[in-house]
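Peer 1: One structure, pasted below without further comment.
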Amino acid sequence: PSTTRRLETRVSRSRRRRQGTLDRPQRPTFGTLHQKTLAYFTPVDNPPNRQPDYKSAAGWFWNVNDESVIRASADWSNQGRTIDRAGNWWVLEPEYYDRQKMQQRARNRGNDAAAATDPLILTGQCRYQDLTFYETFRIDFGNFYVATRASYEACERPVEPPHFRSPSGSEYWETDEGRAVIRCSDHWSNSCGLIATCWWTYDWEHHVPRRRLTGKCRYEDFSINGRRFLEVFFSHSGHAKSTNKRSNSIKGRYMGRSSGGVGRKM
């Protein structure tokens, strides 16, 4: 048994080393923030009046009292992609970003040459405690409903009252000791497409349009749309922590939203 445990530990450490998570700190620091992290930056009018602590193709970086990082760059995940090859999702406050882009287009209207050579350098700041390593982020009942993709398998509807009921009448239960969610609803992405900010399909073999169906999906089988998740969830929570212990204000807002560039109610 001891030999087996040592072998399992060795395999586990080898797998973690390949994934780049071995001995990784729980929260990013200035030296590790670029290792595939999720972050929501708030606008800063001007960068620090000193040389940056680090320069790269991803921008200029300043370490602020080992508590936060300031980044100046023309490349943000608001454009719908990760930053550099490391796969970081770094979003700058959407309203500020969109406003600055509109002003840039107005300045360059009719001047194609200026538009092609006028990179928009924007500056944002984020606390290290609000950054999250992508590999360590976990979907749970507090965030599964924001910009996720999932395929639900048919199951029986629980007899107990739902843990949450959306304005559209969909019902949700957390089950399997907090490892899965059950949804009962008459609208699924199979037939209605985007559901609020999510794409949730029901077992195709048993799917019937407009019929109330119950499905189950494990949190580990959910995936997120990095850009949309950050824009929606991070902008209201400030970080990627679970909202299980918080009120349903965020959940109510987005599980019942049907406008503003998102799909039908959840």
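Residues in the structure tokens are numbered from 1 in each chain, the chains being A, B, ... in the order shown, and ligands are numbered from 1 in the order shown.
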Could you name the residues that touch Val69 of chain A at 9 Å or less, counting only C-alpha atoms, but leaving out those on the same chain fewer than 5 positions away, as a VMD selection string?

Peer 2: chain A and resid 29 to 30 33 61 to 64 124 to 128

Peer 1: With all heavy atoms kept, could you save the residues just selected as an mmCIF file, in the first residue's frame?

Peer 2:
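Wrote it out as again26.cif, contents follow:
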data_model
loop_
_atom_site.group_PDB
_atom_site.id
_atom_site.type_symbol
_atom_site.label_atom_id
_atom_site.label_comp_id
_atom_site.auth_asym_id
_atom_site.auth_seq_id
_atom_site.Cartn_x
_atom_site.Cartn_y
_atom_site.Cartn_z
ATOM 1 N N THR A 29 0.895 36.548 -7.880
ATOM 2 C CA THR A 29 1.745 37.644 -7.441
ATOM 3 C C THR A 29 2.247 38.370 -8.679
ATOM 4 O O THR A 29 1.918 37.989 -9.810
ATOM 5 C CB THR A 29 2.936 37.124 -6.624
ATOM 6 O OG1 THR A 29 3.754 36.290 -7.487
ATOM 7 C CG2 THR A 29 2.473 36.298 -5.436
ATOM 8 N N PHE A 30 3.070 39.386 -8.497
ATOM 9 C CA PHE A 30 3.594 40.101 -9.656
ATOM 10 C C PHE A 30 4.420 39.180 -10.553
ATOM 11 O O PHE A 30 4.466 39.363 -11.760
ATOM 12 C CB PHE A 30 4.455 41.289 -9.197
ATOM 13 C CG PHE A 30 4.857 42.202 -10.322
ATOM 14 C CD1 PHE A 30 3.937 43.050 -10.916
ATOM 15 C CD2 PHE A 30 6.161 42.203 -10.805
ATOM 16 C CE1 PHE A 30 4.291 43.883 -11.963
ATOM 17 C CE2 PHE A 30 6.531 43.042 -11.856
ATOM 18 C CZ PHE A 30 5.590 43.875 -12.428
ATOM 19 N N LEU A 33 1.468 36.522 -12.232
ATOM 20 C CA LEU A 33 0.152 36.961 -12.729
ATOM 21 C C LEU A 33 -0.060 36.647 -14.205
ATOM 22 O O LEU A 33 -1.192 36.589 -14.679
ATOM 23 C CB LEU A 33 -0.042 38.453 -12.484
ATOM 24 C CG LEU A 33 0.861 39.452 -13.222
ATOM 25 C CD1 LEU A 33 0.246 39.877 -14.559
ATOM 26 C CD2 LEU A 33 1.096 40.682 -12.374
ATOM 27 N N PHE A 61 3.966 46.933 -17.057
ATOM 28 C CA PHE A 61 3.424 46.533 -15.762
ATOM 29 C C PHE A 61 4.148 47.246 -14.617
ATOM 30 O O PHE A 61 5.374 47.368 -14.632
ATOM 31 C CB PHE A 61 3.553 45.016 -15.572
ATOM 32 C CG PHE A 61 2.814 44.197 -16.584
ATOM 33 C CD1 PHE A 61 3.374 43.945 -17.842
ATOM 34 C CD2 PHE A 61 1.562 43.674 -16.307
ATOM 35 C CE1 PHE A 61 2.697 43.180 -18.782
ATOM 36 C CE2 PHE A 61 0.879 42.912 -17.247
ATOM 37 C CZ PHE A 61 1.444 42.673 -18.491
ATOM 38 N N TRP A 62 3.353 47.688 -13.643
ATOM 39 C CA TRP A 62 3.897 48.295 -12.434
ATOM 40 C C TRP A 62 3.373 47.540 -11.217
ATOM 41 O O TRP A 62 2.160 47.297 -11.098
ATOM 42 C CB TRP A 62 3.464 49.758 -12.314
ATOM 43 C CG TRP A 62 4.076 50.679 -13.302
ATOM 44 C CD1 TRP A 62 5.193 51.455 -13.139
ATOM 45 C CD2 TRP A 62 3.590 50.966 -14.629
ATOM 46 N NE1 TRP A 62 5.433 52.199 -14.270
ATOM 47 C CE2 TRP A 62 4.464 51.915 -15.200
ATOM 48 C CE3 TRP A 62 2.499 50.505 -15.377
ATOM 49 C CZ2 TRP A 62 4.290 52.411 -16.489
ATOM 50 C CZ3 TRP A 62 2.320 50.986 -16.654
ATOM 51 C CH2 TRP A 62 3.203 51.928 -17.208
ATOM 52 N N ASN A 63 4.264 47.164 -10.325
ATOM 53 C CA ASN A 63 3.895 46.542 -9.072
ATOM 54 C C ASN A 63 3.628 47.647 -8.045
ATOM 55 O O ASN A 63 4.478 48.505 -7.815
ATOM 56 C CB ASN A 63 5.021 45.626 -8.578
ATOM 57 C CG ASN A 63 4.683 44.937 -7.282
ATOM 58 O OD1 ASN A 63 3.513 44.703 -6.981
ATOM 59 N ND2 ASN A 63 5.696 44.625 -6.493
ATOM 60 N N VAL A 64 2.433 47.637 -7.442
ATOM 61 C CA VAL A 64 2.054 48.691 -6.501
ATOM 62 C C VAL A 64 2.010 48.115 -5.089
ATOM 63 O O VAL A 64 1.041 47.444 -4.703
ATOM 64 C CB VAL A 64 0.682 49.300 -6.868
ATOM 65 C CG1 VAL A 64 0.335 50.424 -5.898
ATOM 66 C CG2 VAL A 64 0.684 49.807 -8.306
ATOM 67 N N GLY A 124 -5.162 49.992 -16.628
ATOM 68 C CA GLY A 124 -6.066 49.453 -15.620
ATOM 69 C C GLY A 124 -5.298 48.906 -14.435
ATOM 70 O O GLY A 124 -4.093 48.635 -14.523
ATOM 71 N N GLN A 125 -6.004 48.730 -13.340
ATOM 72 C CA GLN A 125 -5.388 48.237 -12.114
ATOM 73 C C GLN A 125 -6.210 47.105 -11.528
ATOM 74 O O GLN A 125 -7.443 47.113 -11.597
ATOM 75 C CB GLN A 125 -5.257 49.365 -11.088
ATOM 76 C CG GLN A 125 -4.534 48.979 -9.800
ATOM 77 C CD GLN A 125 -4.243 50.191 -8.915
ATOM 78 O OE1 GLN A 125 -4.715 51.296 -9.179
ATOM 79 N NE2 GLN A 125 -3.452 49.998 -7.872
ATOM 80 N N CYS A 126 -5.530 46.103 -10.957
ATOM 81 C CA CYS A 126 -6.206 44.966 -10.348
ATOM 82 C C CYS A 126 -5.404 44.498 -9.134
ATOM 83 O O CYS A 126 -4.182 44.398 -9.195
ATOM 84 C CB CYS A 126 -6.351 43.820 -11.349
ATOM 85 S SG CYS A 126 -7.221 42.367 -10.709
ATOM 86 N N ARG A 127 -6.099 44.201 -8.044
ATOM 87 C CA ARG A 127 -5.425 43.675 -6.860
ATOM 88 C C ARG A 127 -5.055 42.210 -7.096
ATOM 89 O O ARG A 127 -5.792 41.472 -7.744
ATOM 90 C CB ARG A 127 -6.336 43.783 -5.638
ATOM 91 C CG ARG A 127 -6.713 45.212 -5.249
ATOM 92 C CD ARG A 127 -7.577 45.209 -4.004
ATOM 93 N NE ARG A 127 -8.796 44.412 -4.196
ATOM 94 C CZ ARG A 127 -9.666 44.143 -3.224
ATOM 95 N NH1 ARG A 127 -9.448 44.614 -2.003
ATOM 96 N NH2 ARG A 127 -10.740 43.431 -3.477
ATOM 97 N N TYR A 128 -3.923 41.782 -6.532
ATOM 98 C CA TYR A 128 -3.502 40.397 -6.697
ATOM 99 C C TYR A 128 -4.525 39.437 -6.102
ATOM 100 O O TYR A 128 -4.745 38.350 -6.643
ATOM 101 C CB TYR A 128 -2.134 40.173 -6.042
ATOM 102 C CG TYR A 128 -1.023 40.955 -6.687
ATOM 103 C CD1 TYR A 128 -0.194 41.785 -5.929
ATOM 104 C CD2 TYR A 128 -0.801 40.888 -8.053
ATOM 105 C CE1 TYR A 128 0.828 42.516 -6.520
ATOM 106 C CE2 TYR A 128 0.216 41.615 -8.662
ATOM 107 C CZ TYR A 128 1.026 42.436 -7.881
ATOM 108 O OH TYR A 128 2.024 43.153 -8.475
#

Peer 1: Give me the residues near Asp176 of chain A as a list in words, where near means some atom within 12 Å (using only C-alpha atoms) and where sequence neighbours in that chain fewer than 6 positions away do not count.

Peer 2: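 Near neighbours after the sequence-gap exclusion: Asp140, Phe141, Ile182, Lys216, Cys217, Arg218 and Tyr219 of chain A.
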
Peer 1: Write to file, as a CSV table (one decimal), in the first residue's frame, the residues of the selection just made, with all heavy atoms.

Peer 2:
chain,number,residue,atom,x,y,z
A,140,ASP,N,-19.4,26.6,-9.5
A,140,ASP,CA,-20.2,26.1,-8.4
A,140,ASP,C,-21.6,26.7,-8.5
A,140,ASP,O,-21.9,27.4,-9.5
A,140,ASP,CB,-19.6,26.4,-7.0
A,140,ASP,CG,-19.3,27.8,-6.7
A,140,ASP,OD1,-20.0,28.7,-7.3
A,140,ASP,OD2,-18.4,28.2,-5.9
A,141,PHE,N,-22.5,26.6,-7.5
A,141,PHE,CA,-23.8,27.1,-7.5
A,141,PHE,C,-23.9,28.6,-7.5
A,141,PHE,O,-24.9,29.2,-7.8
A,141,PHE,CB,-24.6,26.5,-6.4
A,141,PHE,CG,-26.1,26.6,-6.6
A,141,PHE,CD1,-26.8,25.9,-7.5
A,141,PHE,CD2,-26.9,27.5,-5.8
A,141,PHE,CE1,-28.2,25.9,-7.7
A,141,PHE,CE2,-28.3,27.6,-6.0
A,141,PHE,CZ,-28.9,26.8,-6.9
A,182,ILE,N,-29.1,20.6,-10.8
A,182,ILE,CA,-30.2,20.1,-11.5
A,182,ILE,C,-31.1,21.3,-12.0
A,182,ILE,O,-31.3,22.2,-11.2
A,182,ILE,CB,-31.1,19.1,-10.7
A,182,ILE,CG1,-30.3,17.8,-10.4
A,182,ILE,CG2,-32.4,18.8,-11.4
A,182,ILE,CD1,-31.1,16.8,-9.5
A,216,LYS,N,-29.5,17.2,-15.4
A,216,LYS,CA,-28.4,17.4,-14.3
A,216,LYS,C,-27.1,17.5,-15.0
A,216,LYS,O,-26.8,16.8,-16.0
A,216,LYS,CB,-28.5,16.1,-13.4
A,216,LYS,CG,-27.4,16.0,-12.4
A,216,LYS,CD,-27.6,14.7,-11.6
A,216,LYS,CE,-26.5,14.5,-10.6
A,216,LYS,NZ,-26.7,13.2,-9.8
A,217,CYS,N,-26.2,18.3,-14.4
A,217,CYS,CA,-24.8,18.4,-15.0
A,217,CYS,C,-23.9,18.7,-13.8
A,217,CYS,O,-24.2,19.5,-12.9
A,217,CYS,CB,-24.8,19.6,-16.0
A,217,CYS,SG,-23.2,19.7,-16.8
A,218,ARG,N,-22.7,18.0,-13.8
A,218,ARG,CA,-21.7,18.2,-12.8
A,218,ARG,C,-21.0,19.5,-13.1
A,218,ARG,O,-20.8,19.9,-14.2
A,218,ARG,CB,-20.7,17.1,-12.8
A,218,ARG,CG,-21.3,15.7,-12.4
A,218,ARG,CD,-20.3,14.6,-12.5
A,218,ARG,NE,-19.7,14.6,-13.9
A,218,ARG,CZ,-18.6,13.8,-14.2
A,218,ARG,NH1,-18.1,13.0,-13.3
A,218,ARG,NH2,-18.2,13.8,-15.4
A,219,TYR,N,-20.6,20.2,-12.0
A,219,TYR,CA,-19.9,21.5,-12.2
A,219,TYR,C,-18.6,21.3,-13.0
A,219,TYR,O,-18.2,22.2,-13.7
A,219,TYR,CB,-19.6,22.1,-10.8
A,219,TYR,CG,-20.8,22.5,-10.0
A,219,TYR,CD1,-21.0,22.2,-8.7
A,219,TYR,CD2,-21.8,23.3,-10.6
A,219,TYR,CE1,-22.1,22.6,-8.0
A,219,TYR,CE2,-22.9,23.7,-9.9
A,219,TYR,CZ,-23.1,23.3,-8.6
A,219,TYR,OH,-24.2,23.7,-7.9

Peer 1: Could I get the residues of segment 111-179 of chain A with an atom no further than 8 Å from an atom of segment 38-59 of chain A, each paired with its nearest atom pair and that distance in Å to one decimal, using only C-alpha atoms, sorted by chain and residue number, as CSV?

Peer 2:
residue,atom,partner,partner_atom,distance
A:Leu122,CA,A:Pro43,CA,7.8
A:Thr123,CA,A:Val44,CA,5.4
A:Gly124,CA,A:Pro43,CA,4.4
A:Gln125,CA,A:Phe41,CA,5.0
A:Cys126,CA,A:Phe41,CA,4.9
A:Asp130,CA,A:Ala39,CA,6.9
A:Leu131,CA,A:Ala39,CA,5.0
A:Thr132,CA,A:Leu38,CA,5.2
A:Phe133,CA,A:Leu38,CA,6.3
A:Tyr134,CA,A:Leu38,CA,6.0

Peer 1: Could you write out that same residue set with N, CA, C and O atoms as a tab-separated table (two decimals), in the first residue's frame?

Peer 2:
chain	number	residue	atom	x	y	z
A	122	LEU	N	-4.56	51.80	-23.07
A	122	LEU	CA	-5.42	52.01	-21.91
A	122	LEU	C	-4.77	51.40	-20.67
A	122	LEU	O	-4.05	50.41	-20.76
A	123	THR	N	-5.06	52.00	-19.54
A	123	THR	CA	-4.41	51.59	-18.29
A	123	THR	C	-5.46	51.13	-17.28
A	123	THR	O	-6.49	51.76	-17.11
A	124	GLY	N	-5.16	49.99	-16.63
A	124	GLY	CA	-6.07	49.45	-15.62
A	124	GLY	C	-5.30	48.91	-14.44
A	124	GLY	O	-4.09	48.63	-14.52
A	125	GLN	N	-6.00	48.73	-13.34
A	125	GLN	CA	-5.39	48.24	-12.11
A	125	GLN	C	-6.21	47.11	-11.53
A	125	GLN	O	-7.44	47.11	-11.60
A	126	CYS	N	-5.53	46.10	-10.96
A	126	CYS	CA	-6.21	44.97	-10.35
A	126	CYS	C	-5.40	44.50	-9.13
A	126	CYS	O	-4.18	44.40	-9.19
A	130	ASP	N	-7.54	39.60	-6.27
A	130	ASP	CA	-8.69	39.49	-7.16
A	130	ASP	C	-8.37	38.78	-8.47
A	130	ASP	O	-9.24	38.64	-9.32
A	131	LEU	N	-7.10	38.35	-8.64
A	131	LEU	CA	-6.74	37.54	-9.79
A	131	LEU	C	-6.92	36.08	-9.44
A	131	LEU	O	-6.78	35.68	-8.29
A	132	THR	N	-7.23	35.27	-10.44
A	132	THR	CA	-7.44	33.84	-10.21
A	132	THR	C	-6.75	33.04	-11.31
A	132	THR	O	-6.87	33.36	-12.49
A	133	PHE	N	-6.02	31.99	-10.91
A	133	PHE	CA	-5.45	31.09	-11.90
A	133	PHE	C	-6.57	30.34	-12.60
A	133	PHE	O	-7.47	29.80	-11.94
A	134	TYR	N	-6.51	30.30	-13.92
A	134	TYR	CA	-7.57	29.67	-14.69
A	134	TYR	C	-7.77	28.22	-14.27
A	134	TYR	O	-8.89	27.73	-14.14

Peer 1: Please provide as a list in words all residues within 12 Å of Glu160 of chain A, with the sequence filter that same-chain residues fewer than 2 positions apart are discarded (counting only C-alpha atoms).

Peer 2: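 Residues meeting the cut-off are Glu156, Arg157, Pro158, Pro162, His163, Phe164, Glu171, Tyr172, Trp173, Glu174, Thr175 and Ile182 of chain A.
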
Peer 1: Store the residues picked out above, limited to N, CA and C atoms, as a short mmCIF file (atom, residue, chain, number, x, y, z; two decimals), in the first residue's frame.

Peer 2:
data_model
loop_
_atom_site.label_atom_id
_atom_site.label_comp_id
_atom_site.auth_asym_id
_atom_site.auth_seq_id
_atom_site.Cartn_x
_atom_site.Cartn_y
_atom_site.Cartn_z
N GLU A 156 -34.57 12.72 -12.93
CA GLU A 156 -35.85 12.94 -12.29
C GLU A 156 -35.86 14.30 -11.58
N ARG A 157 -37.04 14.94 -11.56
CA ARG A 157 -37.17 16.20 -10.85
C ARG A 157 -37.19 15.93 -9.35
N PRO A 158 -36.37 16.65 -8.56
CA PRO A 158 -36.38 16.46 -7.11
C PRO A 158 -37.74 16.80 -6.51
N PRO A 162 -37.21 23.87 -4.91
CA PRO A 162 -35.97 24.27 -5.58
C PRO A 162 -35.16 25.24 -4.71
N HIS A 163 -33.85 25.19 -4.88
CA HIS A 163 -32.97 26.11 -4.16
C HIS A 163 -33.01 27.50 -4.78
N PHE A 164 -33.41 27.56 -6.05
CA PHE A 164 -33.57 28.86 -6.71
C PHE A 164 -34.58 28.72 -7.84
N GLU A 171 -36.32 26.09 -12.51
CA GLU A 171 -36.00 25.71 -11.13
C GLU A 171 -34.63 25.05 -11.07
N TYR A 172 -33.91 25.30 -9.96
CA TYR A 172 -32.54 24.83 -9.82
C TYR A 172 -32.33 24.22 -8.43
N TRP A 173 -31.62 23.11 -8.41
CA TRP A 173 -31.24 22.45 -7.17
C TRP A 173 -29.74 22.14 -7.21
N GLU A 174 -29.07 22.35 -6.11
CA GLU A 174 -27.69 21.87 -5.99
C GLU A 174 -27.76 20.47 -5.40
N THR A 175 -27.00 19.54 -5.97
CA THR A 175 -27.11 18.14 -5.56
C THR A 175 -25.73 17.49 -5.52
N ILE A 182 -29.09 20.60 -10.79
CA ILE A 182 -30.24 20.07 -11.54
C ILE A 182 -31.07 21.26 -11.98
#

Peer 1: Got a sec to tell me which of segment 155-213 of chain A DSSP assigns to strand (DSSP E or B), as a PyMOL selection string?

Peer 2: chain A and resi 164-165+171-175+180-185+195+198-202+213

Peer 1: Could you check which of A:Asn143, A:Ser73, A:Ser223, A:Ser170 is closest to Ile121 of chain A, using only C-alpha atoms?

Peer 2: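 Selected residue with least distance to Ile121 of chain A: A:Ser73.
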
Peer 1: Could you tell me how far atom CA of Arg71 of chain A sits from atom CA of Tyr97 of chain A, in Å to one decimal place?

Peer 2: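 Going from atom CA of Tyr97 of chain A over to atom CA of Arg71 of chain A, I get 13.9 Å.
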
Peer 1: Quick one: distance from atom CA of Pro119 of chain A to atom CA of Asn88 of chain A in Å, one decimal?

Peer 2: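 Value for the atom CA of Pro119 of chain A-atom CA of Asn88 of chain A distance: 20.3 Å.
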